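*Asks:* Before we start, here is the structure in question, set down as structure tokens.
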Amino acid sequence: MKGPLFYAKILLFGEYGIIKDSKGLSIPYNFYRGALKVSNDPSTQDSHEKLVAFCNHLKTLPESIVSFDWKRLQEDLENKMYFDSSIPQGYGIGSSGALVASIYDQYALDKITVLENLTKEKLQHLKAVFAAMESFFHGKSSGLDPLNSYLSLPILINSKDHIEPTGIPSQNPDGKGAVFLLDSGITGETAPMVSIFMENMKQEAFRIMMKDQFINYTDSCVDDFLNGNLTSLFLNIKQLSNLVLNNFKPMIPEKFHGIWQHGIESNDYYLKLCGSGGGGYILGFTQDFEKAKKSLKGHRLEVVYNF
């Protein structure tokens, strides 16, 4: 048995903002992927046990939300099914999202397929199903990561209740500019980071910053990226990067505070959170990747998109 491949995702814009109804833009990242497989190899036992625990969580979901072919799922679990994945866990690129998408794809009854006409209602329904399924991993989930992995399309988040697949400008393979991932070398956990954010939201000054600055810059970045307005995009990313450094310090691993600041001061690159932060990948934007590479010598960088 071998299920289809489901890819990692990168939330280019919208981390934390989408909780407060900013725009967001999420793209599949097919460098990392996962698939359901069956094996008796002891090395897959850990993944198998996690899958069993996840499926026990699925049994607690109301059938009005989603129902599964339990007989088939149980048989495959008895045959030591596991999730064979290259997506690093705790890195902010949707490892649990790909797993959720693969289980839904294989075992959900009355599932919405990618080949259907995906109306606004169907997308909202899918997002709600995935949020309920993925809550096992994060305590609370938006459902966006599994949705991105399942559809394997860029997703534009206009607001909580309005999401749609979108096209993004074609990459320029010869372009000097790039979006890249910077490896922090440590794993992060979503739930503690989100609770820090929710705690901060109780302070009026933080709420005002989110509403008047963070969301505005995020929305502008999404529009600029989709419309290919690179000059404006980099001006807005610089502002966003600065805002994150000043207001989201706990989400940035300490040894990267100076590196983050250096990018803003030198204009060699601008960093932002990739997902909830706290570790994992940090997202970088640069107009000159060679220059950024020199500036970040000694760090592992992965290009995900070329301008």
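For the structure tokens, the naming scheme is as follows: chains receive sequential letters (A, B, ...) according to their order of presentation, residues are indexed from 1 within each chain, and ligands are indexed from 1 in presentation order.
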Any idea what's packed within 8 Å of Val66 of chain A, counting only C-alpha atoms, ignoring anything in its chain fewer than 3 positions away? Could you give it as a list in words?
*Replies:*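 These residues fall inside the cut-off: Leu61, Pro62, Glu63, Ala108, Leu109 and Val129 of chain A.
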*Asks:* Can you list every residue of segment 60-102 of chain A that has an atom at most 10 Å from segment 256-279 of chain A, with its nearest atom pair and the distance in Å to one decimal, using only C-alpha atoms, ordered by chain then number, as CSV?
*Replies:*
```
residue,atom,partner,partner_atom,distance
A:Gly90,CA,A:Gly279,CA,7.5
A:Tyr91,CA,A:Gly279,CA,6.7
A:Gly92,CA,A:Gly275,CA,4.7
A:Ile93,CA,A:Gly275,CA,7.0
A:Gly94,CA,A:Gly275,CA,8.7
```
*Asks:* Got a sec: who's within 9 Å of segment 181-184 of chain A, counting only C-alpha atoms, leaving out chain neighbours fewer than 3 positions off, as a count of residues only?
*Replies:* 21
*Asks:* Skip Thr113 of chain A itself and residues of its chain fewer than 5 positions away, then list as a PyMOL selection string all residues within 12 Å of it, counting only C-alpha atoms.
*Replies:* chain A and resi 101+104-106+108+118-119+122-123+126+147+150-152
*Asks:* If you run DSSP on the backbone here, which positions in segment 90-282 of chain A get alpha helix (DSSP H)? Please write them as a VMD selection string.
*Replies:* chain A and resid 95 to 107 120 to 138 144 to 151 190 to 200 204 to 209 215 to 227 230 to 247 257 to 266
*Asks:* Nearest to Ser96 of chain A among A:Lys20, A:Arg207, A:Lys50, A:Lys294, with distances taken over only C-alpha atoms: which residue is it?
*Replies:* A:Lys50
*Asks:* Might you pull out every residue within 7 Å of segment 38-48 of chain A, with only C-alpha atoms counted and same-chain residues fewer than 4 positions away left off, and present them as number ranges by chain?
*Replies:* A: 1, 52, 79-83
*Asks:* Write a file of the just-selected residues containing all heavy atoms, as a tab-separated table (two decimals), in the first residue's frame.
*Replies:*
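Contents of selection25.tsv, freshly written:
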```tsv
chain	number	residue	atom	x	y	z
A	1	MET	N	0.84	-1.20	0.00
A	1	MET	CA	0.00	0.00	0.00
A	1	MET	C	0.88	1.26	0.00
A	1	MET	O	1.85	1.35	0.72
A	1	MET	CB	-0.85	0.00	1.28
A	1	MET	CG	-1.63	1.26	1.48
A	1	MET	SD	-1.75	1.68	3.22
A	1	MET	CE	-2.10	3.40	3.05
A	52	VAL	N	-1.76	5.82	15.33
A	52	VAL	CA	-2.82	5.16	16.11
A	52	VAL	C	-3.45	6.17	17.07
A	52	VAL	O	-4.68	6.28	17.18
A	52	VAL	CB	-2.25	3.94	16.90
A	52	VAL	CG1	-3.28	3.40	17.89
A	52	VAL	CG2	-1.84	2.84	15.92
A	79	ASN	N	-1.98	-3.55	10.07
A	79	ASN	CA	-0.85	-3.92	9.20
A	79	ASN	C	0.35	-2.98	9.38
A	79	ASN	O	1.23	-2.92	8.54
A	79	ASN	CB	-1.28	-3.93	7.73
A	79	ASN	CG	-2.14	-5.14	7.43
A	79	ASN	OD1	-1.91	-6.21	7.98
A	79	ASN	ND2	-3.14	-4.97	6.58
A	80	LYS	N	0.32	-2.20	10.48
A	80	LYS	CA	1.43	-1.30	10.83
A	80	LYS	C	1.61	-0.14	9.86
A	80	LYS	O	2.73	0.19	9.43
A	80	LYS	CB	2.76	-2.08	10.95
A	80	LYS	CG	2.76	-3.15	12.04
A	80	LYS	CD	2.94	-2.51	13.38
A	80	LYS	CE	3.21	-3.53	14.47
A	80	LYS	NZ	2.38	-3.40	15.62
A	81	MET	N	0.48	0.48	9.49
A	81	MET	CA	0.58	1.67	8.64
A	81	MET	C	1.31	2.79	9.39
A	81	MET	O	1.16	2.93	10.61
A	81	MET	CB	-0.83	2.14	8.25
A	81	MET	CG	-0.83	3.40	7.39
A	81	MET	SD	-2.44	3.69	6.64
A	81	MET	CE	-3.40	4.20	8.07
A	82	TYR	N	2.11	3.56	8.64
A	82	TYR	CA	2.80	4.72	9.23
A	82	TYR	C	2.84	5.83	8.18
A	82	TYR	O	2.46	5.63	7.02
A	82	TYR	CB	4.21	4.33	9.68
A	82	TYR	CG	5.19	4.09	8.54
A	82	TYR	CD1	6.18	5.03	8.23
A	82	TYR	CD2	5.11	2.94	7.75
A	82	TYR	CE1	7.07	4.82	7.19
A	82	TYR	CE2	6.00	2.73	6.70
A	82	TYR	CZ	6.97	3.67	6.43
A	82	TYR	OH	7.84	3.48	5.39
A	83	PHE	N	3.29	7.01	8.59
A	83	PHE	CA	3.38	8.14	7.66
A	83	PHE	C	4.85	8.35	7.33
A	83	PHE	O	5.65	8.74	8.18
A	83	PHE	CB	2.78	9.40	8.29
A	83	PHE	CG	2.61	10.54	7.32
A	83	PHE	CD1	1.88	10.37	6.14
A	83	PHE	CD2	3.15	11.79	7.59
A	83	PHE	CE1	1.71	11.43	5.24
A	83	PHE	CE2	2.98	12.85	6.70
A	83	PHE	CZ	2.25	12.66	5.52
```
*Asks:* Please measure the separation of atom CA of Gly175 of chain A and atom CA of Phe307 of chain A, giving the value in Å to one decimal.
*Replies:*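 Those two atoms sit 5.0 Å apart.
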*Asks:* How many Å lie between atom CA of Ser141 of chain A and atom CA of Phe248 of chain A, rounded to one decimal?
*Replies:* 20.1 Å
*Asks:* List every residue of segment 7-231 of chain A that DSSP, applied to the backbone, labels as strand (DSSP E or B), and write the result as a PyMOL selection string.
*Replies:* chain A and resi 7-13+24-38+68+81-85+108+155-159+162-165+178-183
*Asks:* Go through A:Lys111, A:Ile157, A:Lys9, A:Ile196 and flag the residue nearest Asp219 of chain A, using only C-alpha atoms for the distances.
*Replies:* A:Ile157
*Asks:* If we count only C-alpha atoms, what is near Ile163 of chain A at a cut-off of 9 Å, once residues fewer than 5 positions away on the same chain are taken out, given as number ranges by chain?
*Replies:* A: 120, 123-124, 155-158
*Asks:* Could you jot down the atom CA of Arg72 of chain A to atom CA of Tyr107 of chain A separation for me, Å, one decimal place?
*Replies:*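 Atom-to-atom, atom CA of Arg72 of chain A and atom CA of Tyr107 of chain A are spaced 7.6 Å apart.
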*Asks:* Env of Pro154 of chain A: 12 Å cut, atoms = only C-alpha atoms, seq-sep filter 4 positions within chain, self excluded. Answer as a list in words.
*Replies:*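 Counting only the stated atoms, we get Tyr7, Ala8, Lys9, Ile10, Leu11, Leu12, Phe13, Gly24, Leu25, Ser26, Ile27, Pro28, Tyr29, Asn30, Leu144, Asp145, Leu147, Asn148, Ser149, Tyr150, Ile163, Glu164, Pro165, Thr166, Gly167, Ile168, Pro169 and Leu226 of chain A.
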*Asks:* Counting only C-alpha atoms, figure out which residue out of A:His162, A:His57, A:His125, A:Lys71 gets nearest to Val100 of chain A.
*Replies:*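 Looking only at the distances to Val100 of chain A, the closest residue turns out to be A:His57.
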*Asks:* Which residue gives the smallest distance to Phe136 of chain A among A:Asn56, A:Thr286, A:Ser232, A:Asn306, with only C-alpha atoms counted?
*Replies:*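 Closest candidate: A:Asn56.
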